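Chemist: One structure, pasted below without further comment.
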Amino acid sequence: TPALEELAAGVTAARRGPHWKTTHRKKSRNFEVMSDHSAALAQDVGNDLEQALRIFTRYFRPFPETRREARVFVFSSRDAYMEYARELGAGLDHSAGAYLPRLGVLVIWMPVDRADFRATVRHEGFHQYVHNFAENLPLWFNEGYAEHFGNAELGLGRVEHDAKMFRYAQRVAEARGDFVGVERLMRMPRDEFMANARVRYVEAWALVRMLAETREPAYRGLLRGYFDALVAGRSADTAFDEVVKPVIRELEIEFRLYVERLALESDD
């Protein structure tokens with residue numbers, strides 16, 4: 001069928017890689033990074049992904065031992081990135097990078113201004129990591145955690161906050177009037193989430209950050225328990241009912257207060 005032919009063509013292109021005149025290849029324990037830019041850039045991206053992976057595994061779990069090296073293509077220009085995206089049959093017009101789970105590759109292009117490049121690497125690296133354990137994760141969890149890791153400095157085994165976090169707090173202050181609350185966000189279908197992605201990404205980031213850093217006993221371990229339920233094969237609704245629903249009333253109140261505190265941080 002045409003759909004299978006398109007998938008087969010994408011898999012072939014993913015295995016072969018982009019049509020680069022020169023390919024710089026760097027391998028690490030968990031990643032194979034290729035780039036048409038330079039060996040130094042391929043090395044830097046591999047190092048960033050390995051560092052991020054150490055953080056991910058502390059939050060969640062180690063990679064399966066049988067897993068192969070993850071393939072990463074880093075493009076020196078957006079034009080080359082988009083050309084390869086078309087070859088893969090992937091709609092990446094408005095992206096700086098993406099993890100393509102059907103093909104098992106991570107693709108990124110390097111902008112002239114590299115200020116947010118590492119954030120994109122870590123964001124997409126989280127998608128690549130977590131797909132090893134559960135497919136079709138709820139977007140609030142997948143994108144919220146990807147933003148959490150992407151928009152912070154990753155220290156030795158922990159997430160450290162810097163100026164980017166305060167810029168994100170400004171986004172919370174601007175978007176909080178359109179937030180929908182914890183339960184609706186957690187149960188939101190993919191299409192509805194993406195229909196207002198700008199606001200939903202910010203709300204998901206705020207919720208993940210609050211729950212990842214909370215010292216409140218009732219909420220500590222909630223994200224891990226929810227993730228474990230999904231990995232065990234529970235649906236998103238069932239995972240919510242088992243893990244989150246017992247504390248949802250208190251959590252809705254706490255999240256509203258947390259959002260207001262973040263908004264105040266942006267004014268400091």
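By convention here, the chains of the structure tokens are called A, B, ... in the order presented, each chain's residues are numbered starting at 1, and ligands are numbered starting at 1 in the order presented.
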List the neighbours of range 23-27 of chain A out to 10 Å using only C-alpha atoms; skip same-chain residues closer than 2 positions along the sequence, and give me the result as a PDB file with all heavy atoms, in the first residue's frame.
Modeler:
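See result.pdb below for the written result:
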```pdb
ATOM      1  N   GLY A  17      21.009   7.177   6.189  1.00  0.00           N
ATOM      2  CA  GLY A  17      21.438   8.484   6.654  1.00  0.00           C
ATOM      3  C   GLY A  17      21.323   9.536   5.570  1.00  0.00           C
ATOM      4  O   GLY A  17      21.009   9.232   4.407  1.00  0.00           O
ATOM      5  N   PRO A  18      21.584  10.792   5.903  1.00  0.00           N
ATOM      6  CA  PRO A  18      21.463  11.883   4.928  1.00  0.00           C
ATOM      7  C   PRO A  18      22.514  11.788   3.817  1.00  0.00           C
ATOM      8  O   PRO A  18      23.544  11.133   3.967  1.00  0.00           O
ATOM      9  CB  PRO A  18      21.700  13.141   5.784  1.00  0.00           C
ATOM     10  CG  PRO A  18      21.515  12.700   7.196  1.00  0.00           C
ATOM     11  CD  PRO A  18      21.927  11.268   7.248  1.00  0.00           C
ATOM     12  N   HIS A  19      22.233  12.478   2.720  1.00  0.00           N
ATOM     13  CA  HIS A  19      23.171  12.538   1.593  1.00  0.00           C
ATOM     14  C   HIS A  19      24.176  13.668   1.841  1.00  0.00           C
ATOM     15  O   HIS A  19      24.061  14.768   1.293  1.00  0.00           O
ATOM     16  CB  HIS A  19      22.422  12.789   0.281  1.00  0.00           C
ATOM     17  CG  HIS A  19      21.472  11.689  -0.087  1.00  0.00           C
ATOM     18  ND1 HIS A  19      21.899  10.464  -0.564  1.00  0.00           N
ATOM     19  CD2 HIS A  19      20.118  11.637  -0.046  1.00  0.00           C
ATOM     20  CE1 HIS A  19      20.857   9.703  -0.807  1.00  0.00           C
ATOM     21  NE2 HIS A  19      19.763  10.386  -0.506  1.00  0.00           N
ATOM     22  N   TRP A  20      25.153  13.423   2.680  1.00  0.00           N
ATOM     23  CA  TRP A  20      26.169  14.417   2.987  1.00  0.00           C
ATOM     24  C   TRP A  20      27.447  14.109   2.200  1.00  0.00           C
ATOM     25  O   TRP A  20      27.823  12.947   2.031  1.00  0.00           O
ATOM     26  CB  TRP A  20      26.507  14.404   4.471  1.00  0.00           C
ATOM     27  CG  TRP A  20      25.441  14.968   5.364  1.00  0.00           C
ATOM     28  CD1 TRP A  20      24.549  15.948   5.057  1.00  0.00           C
ATOM     29  CD2 TRP A  20      25.174  14.589   6.721  1.00  0.00           C
ATOM     30  NE1 TRP A  20      23.750  16.210   6.129  1.00  0.00           N
ATOM     31  CE2 TRP A  20      24.103  15.396   7.168  1.00  0.00           C
ATOM     32  CE3 TRP A  20      25.715  13.657   7.605  1.00  0.00           C
ATOM     33  CZ2 TRP A  20      23.583  15.301   8.455  1.00  0.00           C
ATOM     34  CZ3 TRP A  20      25.213  13.565   8.878  1.00  0.00           C
ATOM     35  CH2 TRP A  20      24.161  14.369   9.302  1.00  0.00           C
ATOM     36  N   LYS A  21      28.128  15.154   1.747  1.00  0.00           N
ATOM     37  CA  LYS A  21      29.419  14.953   1.079  1.00  0.00           C
ATOM     38  C   LYS A  21      30.448  14.433   2.074  1.00  0.00           C
ATOM     39  O   LYS A  21      31.279  13.586   1.748  1.00  0.00           O
ATOM     40  CB  LYS A  21      29.894  16.267   0.453  1.00  0.00           C
ATOM     41  CG  LYS A  21      29.055  16.729  -0.723  1.00  0.00           C
ATOM     42  CD  LYS A  21      29.610  18.018  -1.316  1.00  0.00           C
ATOM     43  CE  LYS A  21      28.780  18.468  -2.511  1.00  0.00           C
ATOM     44  NZ  LYS A  21      29.305  19.742  -3.086  1.00  0.00           N
ATOM     45  N   ARG A  29      29.114   5.453  24.381  1.00  0.00           N
ATOM     46  CA  ARG A  29      28.550   4.212  24.913  1.00  0.00           C
ATOM     47  C   ARG A  29      27.119   3.986  24.440  1.00  0.00           C
ATOM     48  O   ARG A  29      26.726   2.856  24.143  1.00  0.00           O
ATOM     49  CB  ARG A  29      28.598   4.239  26.437  1.00  0.00           C
ATOM     50  CG  ARG A  29      28.012   2.995  27.082  1.00  0.00           C
ATOM     51  CD  ARG A  29      28.122   3.043  28.578  1.00  0.00           C
ATOM     52  NE  ARG A  29      27.545   1.850  29.187  1.00  0.00           N
ATOM     53  CZ  ARG A  29      27.481   1.635  30.498  1.00  0.00           C
ATOM     54  NH1 ARG A  29      27.963   2.539  31.341  1.00  0.00           N
ATOM     55  NH2 ARG A  29      26.934   0.529  30.977  1.00  0.00           N
ATOM     56  N   ASN A  30      26.329   5.056  24.364  1.00  0.00           N
ATOM     57  CA  ASN A  30      24.901   4.912  24.086  1.00  0.00           C
ATOM     58  C   ASN A  30      24.433   5.579  22.802  1.00  0.00           C
ATOM     59  O   ASN A  30      23.282   5.399  22.418  1.00  0.00           O
ATOM     60  CB  ASN A  30      24.086   5.482  25.254  1.00  0.00           C
ATOM     61  CG  ASN A  30      24.295   4.711  26.542  1.00  0.00           C
ATOM     62  OD1 ASN A  30      23.819   3.605  26.695  1.00  0.00           O
ATOM     63  ND2 ASN A  30      25.040   5.314  27.471  1.00  0.00           N
ATOM     64  N   PHE A  31      25.303   6.350  22.153  1.00  0.00           N
ATOM     65  CA  PHE A  31      24.871   7.129  20.999  1.00  0.00           C
ATOM     66  C   PHE A  31      25.868   7.027  19.851  1.00  0.00           C
ATOM     67  O   PHE A  31      27.085   6.926  20.062  1.00  0.00           O
ATOM     68  CB  PHE A  31      24.692   8.601  21.381  1.00  0.00           C
ATOM     69  CG  PHE A  31      23.670   8.821  22.460  1.00  0.00           C
ATOM     70  CD1 PHE A  31      24.056   8.894  23.787  1.00  0.00           C
ATOM     71  CD2 PHE A  31      22.323   8.921  22.152  1.00  0.00           C
ATOM     72  CE1 PHE A  31      23.120   9.075  24.789  1.00  0.00           C
ATOM     73  CE2 PHE A  31      21.378   9.100  23.133  1.00  0.00           C
ATOM     74  CZ  PHE A  31      21.772   9.178  24.461  1.00  0.00           C
ATOM     75  N   GLU A  32      25.328   7.090  18.649  1.00  0.00           N
ATOM     76  CA  GLU A  32      26.129   7.250  17.445  1.00  0.00           C
ATOM     77  C   GLU A  32      25.685   8.549  16.795  1.00  0.00           C
ATOM     78  O   GLU A  32      24.564   8.646  16.278  1.00  0.00           O
ATOM     79  CB  GLU A  32      25.937   6.086  16.483  1.00  0.00           C
ATOM     80  CG  GLU A  32      26.793   6.216  15.226  1.00  0.00           C
ATOM     81  CD  GLU A  32      26.557   5.092  14.237  1.00  0.00           C
ATOM     82  OE1 GLU A  32      25.504   4.416  14.340  1.00  0.00           O
ATOM     83  OE2 GLU A  32      27.414   4.915  13.356  1.00  0.00           O
ATOM     84  N   VAL A  33      26.524   9.575  16.884  1.00  0.00           N
ATOM     85  CA  VAL A  33      26.182  10.912  16.398  1.00  0.00           C
ATOM     86  C   VAL A  33      26.898  11.161  15.086  1.00  0.00           C
ATOM     87  O   VAL A  33      28.123  10.988  14.987  1.00  0.00           O
ATOM     88  CB  VAL A  33      26.563  12.000  17.421  1.00  0.00           C
ATOM     89  CG1 VAL A  33      26.131  13.373  16.908  1.00  0.00           C
ATOM     90  CG2 VAL A  33      25.928  11.706  18.779  1.00  0.00           C
ATOM     91  N   MET A  34      26.149  11.592  14.071  1.00  0.00           N
ATOM     92  CA  MET A  34      26.707  11.916  12.762  1.00  0.00           C
ATOM     93  C   MET A  34      26.327  13.338  12.389  1.00  0.00           C
ATOM     94  O   MET A  34      25.209  13.775  12.688  1.00  0.00           O
ATOM     95  CB  MET A  34      26.197  10.927  11.706  1.00  0.00           C
ATOM     96  CG  MET A  34      26.797   9.542  11.828  1.00  0.00           C
ATOM     97  SD  MET A  34      25.745   8.244  11.134  1.00  0.00           S
ATOM     98  CE  MET A  34      24.615   7.968  12.497  1.00  0.00           C
ATOM     99  N   SER A  35      27.229  14.044  11.738  1.00  0.00           N
ATOM    100  CA  SER A  35      26.976  15.436  11.378  1.00  0.00           C
ATOM    101  C   SER A  35      27.742  15.800  10.108  1.00  0.00           C
ATOM    102  O   SER A  35      28.815  15.253   9.848  1.00  0.00           O
ATOM    103  CB  SER A  35      27.403  16.366  12.517  1.00  0.00           C
ATOM    104  OG  SER A  35      27.228  17.726  12.155  1.00  0.00           O
ATOM    105  N   ASP A  36      27.175  16.739   9.347  1.00  0.00           N
ATOM    106  CA  ASP A  36      27.886  17.293   8.209  1.00  0.00           C
ATOM    107  C   ASP A  36      28.618  18.567   8.593  1.00  0.00           C
ATOM    108  O   ASP A  36      29.219  19.223   7.742  1.00  0.00           O
ATOM    109  CB  ASP A  36      26.923  17.573   7.052  1.00  0.00           C
ATOM    110  CG  ASP A  36      25.871  18.612   7.407  1.00  0.00           C
ATOM    111  OD1 ASP A  36      25.572  18.779   8.616  1.00  0.00           O
ATOM    112  OD2 ASP A  36      25.331  19.254   6.488  1.00  0.00           O
ATOM    113  N   HIS A  37      28.569  18.943   9.875  1.00  0.00           N
ATOM    114  CA  HIS A  37      29.186  20.185  10.333  1.00  0.00           C
ATOM    115  C   HIS A  37      30.654  19.984  10.698  1.00  0.00           C
ATOM    116  O   HIS A  37      31.553  20.545  10.066  1.00  0.00           O
ATOM    117  CB  HIS A  37      28.411  20.745  11.521  1.00  0.00           C
ATOM    118  CG  HIS A  37      28.934  22.050  12.033  1.00  0.00           C
ATOM    119  ND1 HIS A  37      29.988  22.130  12.920  1.00  0.00           N
ATOM    120  CD2 HIS A  37      28.536  23.332  11.794  1.00  0.00           C
ATOM    121  CE1 HIS A  37      30.231  23.405  13.202  1.00  0.00           C
ATOM    122  NE2 HIS A  37      29.379  24.146  12.534  1.00  0.00           N
ATOM    123  N   SER A  38      30.893  19.205  11.742  1.00  0.00           N
ATOM    124  CA  SER A  38      32.261  18.993  12.199  1.00  0.00           C
ATOM    125  C   SER A  38      32.294  17.851  13.190  1.00  0.00           C
ATOM    126  O   SER A  38      31.285  17.512  13.825  1.00  0.00           O
ATOM    127  CB  SER A  38      32.823  20.252  12.868  1.00  0.00           C
ATOM    128  OG  SER A  38      32.069  20.560  14.039  1.00  0.00           O
ATOM    129  N   ALA A  39      33.485  17.263  13.342  1.00  0.00           N
ATOM    130  CA  ALA A  39      33.664  16.212  14.336  1.00  0.00           C
ATOM    131  C   ALA A  39      33.473  16.771  15.740  1.00  0.00           C
ATOM    132  O   ALA A  39      32.957  16.090  16.630  1.00  0.00           O
ATOM    133  CB  ALA A  39      35.049  15.587  14.187  1.00  0.00           C
ATOM    134  N   ALA A  40      33.891  18.034  15.936  1.00  0.00           N
ATOM    135  CA  ALA A  40      33.763  18.650  17.261  1.00  0.00           C
ATOM    136  C   ALA A  40      32.296  18.779  17.668  1.00  0.00           C
ATOM    137  O   ALA A  40      31.934  18.519  18.828  1.00  0.00           O
ATOM    138  CB  ALA A  40      34.437  20.019  17.268  1.00  0.00           C
ATOM    139  N   LEU A  41      31.439  19.173  16.717  1.00  0.00           N
ATOM    140  CA  LEU A  41      30.017  19.307  17.038  1.00  0.00           C
ATOM    141  C   LEU A  41      29.416  17.936  17.351  1.00  0.00           C
ATOM    142  O   LEU A  41      28.639  17.793  18.304  1.00  0.00           O
ATOM    143  CB  LEU A  41      29.267  19.957  15.888  1.00  0.00           C
ATOM    144  CG  LEU A  41      27.764  20.152  16.123  1.00  0.00           C
ATOM    145  CD1 LEU A  41      27.518  21.105  17.275  1.00  0.00           C
ATOM    146  CD2 LEU A  41      27.066  20.640  14.863  1.00  0.00           C
ATOM    147  N   ALA A  42      29.753  16.928  16.548  1.00  0.00           N
ATOM    148  CA  ALA A  42      29.249  15.578  16.812  1.00  0.00           C
ATOM    149  C   ALA A  42      29.670  15.107  18.195  1.00  0.00           C
ATOM    150  O   ALA A  42      28.886  14.503  18.931  1.00  0.00           O
ATOM    151  CB  ALA A  42      29.737  14.620  15.737  1.00  0.00           C
ATOM    152  N   GLN A  43      30.905  15.405  18.566  1.00  0.00           N
ATOM    153  CA  GLN A  43      31.409  15.028  19.884  1.00  0.00           C
ATOM    154  C   GLN A  43      30.646  15.758  20.981  1.00  0.00           C
ATOM    155  O   GLN A  43      30.262  15.159  22.008  1.00  0.00           O
ATOM    156  CB  GLN A  43      32.892  15.343  19.991  1.00  0.00           C
ATOM    157  CG  GLN A  43      33.537  14.913  21.302  1.00  0.00           C
ATOM    158  CD  GLN A  43      33.689  13.418  21.391  1.00  0.00           C
ATOM    159  OE1 GLN A  43      34.362  12.808  20.578  1.00  0.00           O
ATOM    160  NE2 GLN A  43      33.035  12.804  22.379  1.00  0.00           N
ATOM    161  N   ASP A  44      30.423  17.060  20.799  1.00  0.00           N
ATOM    162  CA  ASP A  44      29.709  17.851  21.809  1.00  0.00           C
ATOM    163  C   ASP A  44      28.288  17.340  22.020  1.00  0.00           C
ATOM    164  O   ASP A  44      27.814  17.233  23.157  1.00  0.00           O
ATOM    165  CB  ASP A  44      29.663  19.327  21.395  1.00  0.00           C
ATOM    166  CG  ASP A  44      31.002  20.030  21.534  1.00  0.00           C
ATOM    167  OD1 ASP A  44      31.905  19.454  22.181  1.00  0.00           O
ATOM    168  OD2 ASP A  44      31.151  21.132  20.991  1.00  0.00           O
ATOM    169  N   VAL A  45      27.604  17.038  20.921  1.00  0.00           N
ATOM    170  CA  VAL A  45      26.232  16.544  21.031  1.00  0.00           C
ATOM    171  C   VAL A  45      26.211  15.192  21.742  1.00  0.00           C
ATOM    172  O   VAL A  45      25.368  14.945  22.611  1.00  0.00           O
ATOM    173  CB  VAL A  45      25.572  16.449  19.640  1.00  0.00           C
ATOM    174  CG1 VAL A  45      24.247  15.688  19.719  1.00  0.00           C
ATOM    175  CG2 VAL A  45      25.339  17.839  19.069  1.00  0.00           C
ATOM    176  N   GLY A  46      27.146  14.317  21.394  1.00  0.00           N
ATOM    177  CA  GLY A  46      27.228  13.027  22.076  1.00  0.00           C
ATOM    178  C   GLY A  46      27.478  13.185  23.569  1.00  0.00           C
ATOM    179  O   GLY A  46      26.855  12.496  24.387  1.00  0.00           O
ATOM    180  N   ASN A  47      28.365  14.112  23.940  1.00  0.00           N
ATOM    181  CA  ASN A  47      28.648  14.355  25.356  1.00  0.00           C
ATOM    182  C   ASN A  47      27.407  14.880  26.080  1.00  0.00           C
ATOM    183  O   ASN A  47      27.118  14.475  27.216  1.00  0.00           O
ATOM    184  CB  ASN A  47      29.800  15.346  25.506  1.00  0.00           C
ATOM    185  CG  ASN A  47      31.132  14.765  25.076  1.00  0.00           C
ATOM    186  OD1 ASN A  47      31.289  13.547  24.971  1.00  0.00           O
ATOM    187  ND2 ASN A  47      32.102  15.629  24.819  1.00  0.00           N
ATOM    188  N   GLU A  69      22.904   1.232  20.135  1.00  0.00           N
ATOM    189  CA  GLU A  69      23.231   2.660  20.170  1.00  0.00           C
ATOM    190  C   GLU A  69      22.145   3.463  19.473  1.00  0.00           C
ATOM    191  O   GLU A  69      21.642   3.070  18.422  1.00  0.00           O
ATOM    192  CB  GLU A  69      24.562   2.917  19.465  1.00  0.00           C
ATOM    193  CG  GLU A  69      25.760   2.282  20.148  1.00  0.00           C
ATOM    194  CD  GLU A  69      26.964   2.236  19.228  1.00  0.00           C
ATOM    195  OE1 GLU A  69      26.774   2.367  18.003  1.00  0.00           O
ATOM    196  OE2 GLU A  69      28.076   2.054  19.733  1.00  0.00           O
ATOM    197  N   ALA A  70      21.792   4.596  20.052  1.00  0.00           N
ATOM    198  CA  ALA A  70      20.793   5.474  19.447  1.00  0.00           C
ATOM    199  C   ALA A  70      21.465   6.308  18.354  1.00  0.00           C
ATOM    200  O   ALA A  70      22.550   6.848  18.549  1.00  0.00           O
ATOM    201  CB  ALA A  70      20.183   6.380  20.507  1.00  0.00           C
ATOM    202  N   ARG A  71      20.816   6.422  17.199  1.00  0.00           N
ATOM    203  CA  ARG A  71      21.385   7.170  16.074  1.00  0.00           C
ATOM    204  C   ARG A  71      20.891   8.624  16.124  1.00  0.00           C
ATOM    205  O   ARG A  71      19.707   8.891  16.336  1.00  0.00           O
ATOM    206  CB  ARG A  71      20.993   6.534  14.752  1.00  0.00           C
ATOM    207  CG  ARG A  71      21.397   5.078  14.629  1.00  0.00           C
ATOM    208  CD  ARG A  71      21.165   4.567  13.228  1.00  0.00           C
ATOM    209  NE  ARG A  71      22.258   4.943  12.346  1.00  0.00           N
ATOM    210  CZ  ARG A  71      22.169   4.965  11.023  1.00  0.00           C
ATOM    211  NH1 ARG A  71      21.026   4.685  10.431  1.00  0.00           N
ATOM    212  NH2 ARG A  71      23.211   5.303  10.282  1.00  0.00           N
ATOM    213  N   VAL A  72      21.832   9.543  15.889  1.00  0.00           N
ATOM    214  CA  VAL A  72      21.547  10.970  15.948  1.00  0.00           C
ATOM    215  C   VAL A  72      22.170  11.638  14.732  1.00  0.00           C
ATOM    216  O   VAL A  72      23.367  11.453  14.460  1.00  0.00           O
ATOM    217  CB  VAL A  72      22.128  11.610  17.234  1.00  0.00           C
ATOM    218  CG1 VAL A  72      21.762  13.084  17.308  1.00  0.00           C
ATOM    219  CG2 VAL A  72      21.658  10.853  18.478  1.00  0.00           C
ATOM    220  N   PHE A  73      21.373  12.423  13.990  1.00  0.00           N
ATOM    221  CA  PHE A  73      21.872  13.177  12.844  1.00  0.00           C
ATOM    222  C   PHE A  73      21.781  14.667  13.166  1.00  0.00           C
ATOM    223  O   PHE A  73      20.699  15.179  13.472  1.00  0.00           O
ATOM    224  CB  PHE A  73      21.059  12.870  11.584  1.00  0.00           C
ATOM    225  CG  PHE A  73      21.120  11.433  11.150  1.00  0.00           C
ATOM    226  CD1 PHE A  73      19.963  10.686  11.011  1.00  0.00           C
ATOM    227  CD2 PHE A  73      22.340  10.825  10.882  1.00  0.00           C
ATOM    228  CE1 PHE A  73      20.009   9.364  10.610  1.00  0.00           C
ATOM    229  CE2 PHE A  73      22.404   9.505  10.474  1.00  0.00           C
ATOM    230  CZ  PHE A  73      21.243   8.764  10.346  1.00  0.00           C
ATOM    231  N   VAL A  74      22.920  15.355  13.098  1.00  0.00           N
ATOM    232  CA  VAL A  74      22.981  16.785  13.399  1.00  0.00           C
ATOM    233  C   VAL A  74      23.322  17.532  12.108  1.00  0.00           C
ATOM    234  O   VAL A  74      24.412  17.353  11.542  1.00  0.00           O
ATOM    235  CB  VAL A  74      24.039  17.094  14.476  1.00  0.00           C
ATOM    236  CG1 VAL A  74      23.996  18.578  14.839  1.00  0.00           C
ATOM    237  CG2 VAL A  74      23.806  16.233  15.713  1.00  0.00           C
TER     238      VAL A  74
END
```
Chemist: Near range 198-210 of chain A, counting only C-alpha atoms, which residues have an atom at most 9 Å away, once you skip same-chain residues fewer than 6 positions from it, shown as number ranges by chain?
Modeler: A: 139-148, 168-169, 171-172, 175-176, 178-182, 185-186, 223, 255, 258-259, 262
Chemist: Take the residues that were just selected and, keeping N, CA and C atoms, output them as a PDB file, in the first residue's frame.
Modeler:
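Result file follows (selection_3.pdb):
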```pdb
ATOM      1  N   LEU A 139       0.969  13.414  26.368  1.00  0.00           N
ATOM      2  CA  LEU A 139       1.827  14.526  25.964  1.00  0.00           C
ATOM      3  C   LEU A 139       2.220  15.418  27.137  1.00  0.00           C
ATOM      4  N   TRP A 140       1.335  15.585  28.119  1.00  0.00           N
ATOM      5  CA  TRP A 140       1.699  16.455  29.243  1.00  0.00           C
ATOM      6  C   TRP A 140       2.953  15.916  29.931  1.00  0.00           C
ATOM      7  N   PHE A 141       3.057  14.593  30.047  1.00  0.00           N
ATOM      8  CA  PHE A 141       4.205  13.976  30.706  1.00  0.00           C
ATOM      9  C   PHE A 141       5.433  14.031  29.806  1.00  0.00           C
ATOM     10  N   ASN A 142       5.278  13.611  28.559  1.00  0.00           N
ATOM     11  CA  ASN A 142       6.402  13.535  27.638  1.00  0.00           C
ATOM     12  C   ASN A 142       6.976  14.911  27.340  1.00  0.00           C
ATOM     13  N   GLU A 143       6.116  15.863  27.006  1.00  0.00           N
ATOM     14  CA  GLU A 143       6.601  17.204  26.674  1.00  0.00           C
ATOM     15  C   GLU A 143       6.955  18.004  27.924  1.00  0.00           C
ATOM     16  N   GLY A 144       6.216  17.787  29.004  1.00  0.00           N
ATOM     17  CA  GLY A 144       6.530  18.506  30.237  1.00  0.00           C
ATOM     18  C   GLY A 144       7.903  18.150  30.760  1.00  0.00           C
ATOM     19  N   TYR A 145       8.228  16.865  30.768  1.00  0.00           N
ATOM     20  CA  TYR A 145       9.562  16.447  31.226  1.00  0.00           C
ATOM     21  C   TYR A 145      10.635  16.871  30.233  1.00  0.00           C
ATOM     22  N   ALA A 146      10.359  16.777  28.936  1.00  0.00           N
ATOM     23  CA  ALA A 146      11.351  17.205  27.942  1.00  0.00           C
ATOM     24  C   ALA A 146      11.679  18.683  28.110  1.00  0.00           C
ATOM     25  N   GLU A 147      10.672  19.493  28.371  1.00  0.00           N
ATOM     26  CA  GLU A 147      10.913  20.918  28.625  1.00  0.00           C
ATOM     27  C   GLU A 147      11.653  21.125  29.946  1.00  0.00           C
ATOM     28  N   HIS A 148      11.303  20.335  30.943  1.00  0.00           N
ATOM     29  CA  HIS A 148      11.958  20.433  32.254  1.00  0.00           C
ATOM     30  C   HIS A 148      13.458  20.193  32.126  1.00  0.00           C
ATOM     31  N   TYR A 168      11.316  31.071  31.560  1.00  0.00           N
ATOM     32  CA  TYR A 168      10.159  30.186  31.450  1.00  0.00           C
ATOM     33  C   TYR A 168       9.067  30.624  32.423  1.00  0.00           C
ATOM     34  N   ALA A 169       9.458  31.103  33.599  1.00  0.00           N
ATOM     35  CA  ALA A 169       8.467  31.620  34.549  1.00  0.00           C
ATOM     36  C   ALA A 169       7.697  32.791  33.943  1.00  0.00           C
ATOM     37  N   ARG A 171       6.927  33.018  30.819  1.00  0.00           N
ATOM     38  CA  ARG A 171       5.950  32.387  29.925  1.00  0.00           C
ATOM     39  C   ARG A 171       4.749  31.883  30.719  1.00  0.00           C
ATOM     40  N   VAL A 172       4.995  31.373  31.934  1.00  0.00           N
ATOM     41  CA  VAL A 172       3.894  30.948  32.799  1.00  0.00           C
ATOM     42  C   VAL A 172       3.011  32.139  33.145  1.00  0.00           C
ATOM     43  N   ALA A 175       0.839  32.944  30.162  1.00  0.00           N
ATOM     44  CA  ALA A 175      -0.096  31.916  29.669  1.00  0.00           C
ATOM     45  C   ALA A 175      -1.061  31.392  30.716  1.00  0.00           C
ATOM     46  N   ARG A 176      -0.843  31.707  31.995  1.00  0.00           N
ATOM     47  CA  ARG A 176      -1.591  31.027  33.050  1.00  0.00           C
ATOM     48  C   ARG A 176      -3.101  31.250  32.987  1.00  0.00           C
ATOM     49  N   ASP A 178      -4.886  30.784  30.529  1.00  0.00           N
ATOM     50  CA  ASP A 178      -5.453  29.738  29.675  1.00  0.00           C
ATOM     51  C   ASP A 178      -5.141  28.335  30.184  1.00  0.00           C
ATOM     52  N   PHE A 179      -4.569  28.233  31.387  1.00  0.00           N
ATOM     53  CA  PHE A 179      -4.305  26.909  31.958  1.00  0.00           C
ATOM     54  C   PHE A 179      -5.628  26.222  32.288  1.00  0.00           C
ATOM     55  N   VAL A 180      -5.637  24.896  32.200  1.00  0.00           N
ATOM     56  CA  VAL A 180      -6.883  24.142  32.389  1.00  0.00           C
ATOM     57  C   VAL A 180      -6.905  23.346  33.683  1.00  0.00           C
ATOM     58  N   GLY A 181      -5.802  23.277  34.410  1.00  0.00           N
ATOM     59  CA  GLY A 181      -5.775  22.520  35.650  1.00  0.00           C
ATOM     60  C   GLY A 181      -5.226  21.115  35.466  1.00  0.00           C
ATOM     61  N   VAL A 182      -4.932  20.476  36.592  1.00  0.00           N
ATOM     62  CA  VAL A 182      -4.190  19.218  36.586  1.00  0.00           C
ATOM     63  C   VAL A 182      -4.955  18.089  35.910  1.00  0.00           C
ATOM     64  N   LEU A 185      -5.597  18.542  32.167  1.00  0.00           N
ATOM     65  CA  LEU A 185      -4.339  18.460  31.419  1.00  0.00           C
ATOM     66  C   LEU A 185      -3.873  17.009  31.317  1.00  0.00           C
ATOM     67  N   MET A 186      -3.937  16.271  32.425  1.00  0.00           N
ATOM     68  CA  MET A 186      -3.458  14.891  32.415  1.00  0.00           C
ATOM     69  C   MET A 186      -4.317  13.968  31.561  1.00  0.00           C
ATOM     70  N   LEU A 223       5.088  11.247  40.173  1.00  0.00           N
ATOM     71  CA  LEU A 223       5.476  11.144  38.767  1.00  0.00           C
ATOM     72  C   LEU A 223       6.075   9.777  38.460  1.00  0.00           C
ATOM     73  N   PHE A 255      -1.255  23.248  42.768  1.00  0.00           N
ATOM     74  CA  PHE A 255      -0.732  23.651  41.464  1.00  0.00           C
ATOM     75  C   PHE A 255      -1.101  25.093  41.149  1.00  0.00           C
ATOM     76  N   TYR A 258       1.210  27.215  43.064  1.00  0.00           N
ATOM     77  CA  TYR A 258       2.556  27.130  42.499  1.00  0.00           C
ATOM     78  C   TYR A 258       2.682  27.997  41.252  1.00  0.00           C
ATOM     79  N   VAL A 259       1.679  27.966  40.400  1.00  0.00           N
ATOM     80  CA  VAL A 259       1.679  28.790  39.184  1.00  0.00           C
ATOM     81  C   VAL A 259       1.750  30.266  39.548  1.00  0.00           C
ATOM     82  N   LEU A 262       5.272  31.092  40.584  1.00  0.00           N
ATOM     83  CA  LEU A 262       6.140  31.209  39.411  1.00  0.00           C
ATOM     84  C   LEU A 262       5.940  32.547  38.709  1.00  0.00           C
TER      85      LEU A 262
END
```
Chemist: Restricting the calculation to only C-alpha atoms, which member of A:Val244, A:Val231, A:Met82, A:Ala8 is positioned closest to Trp109 in chain A?
Modeler: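 Among the listed residues, A:Met82 lies closest to Trp109 in chain A.
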Chemist: Give me the residues within 10 Å of Arg118 in chain A as a compact mmCIF listing (two decimals) with C-alpha atoms, in the first residue's frame, counting only C-alpha atoms and dropping any in the same chain fewer than 2 places off.
Modeler:
```txt
# COMPACT_ATOMS: atom_id res chain seq x y z
CA ASP A 44 29.71 17.85 21.81
CA VAL A 45 26.23 16.54 21.03
CA ASP A 48 25.48 16.38 26.05
CA LEU A 49 23.28 13.35 25.39
CA MET A 110 22.13 23.76 14.29
CA ARG A 114 23.35 28.34 19.39
CA ALA A 115 21.84 29.75 22.60
CA ASP A 116 19.01 27.20 22.68
CA THR A 120 16.84 21.18 21.90
CA VAL A 121 19.37 18.34 22.15
CA ARG A 122 18.30 17.49 25.72
CA HIS A 123 14.59 17.93 24.96
CA GLU A 124 14.65 15.53 22.02
CA GLY A 150 15.79 21.02 28.22
CA ASN A 151 15.39 24.34 29.99
CA GLU A 153 21.37 23.13 33.44
```
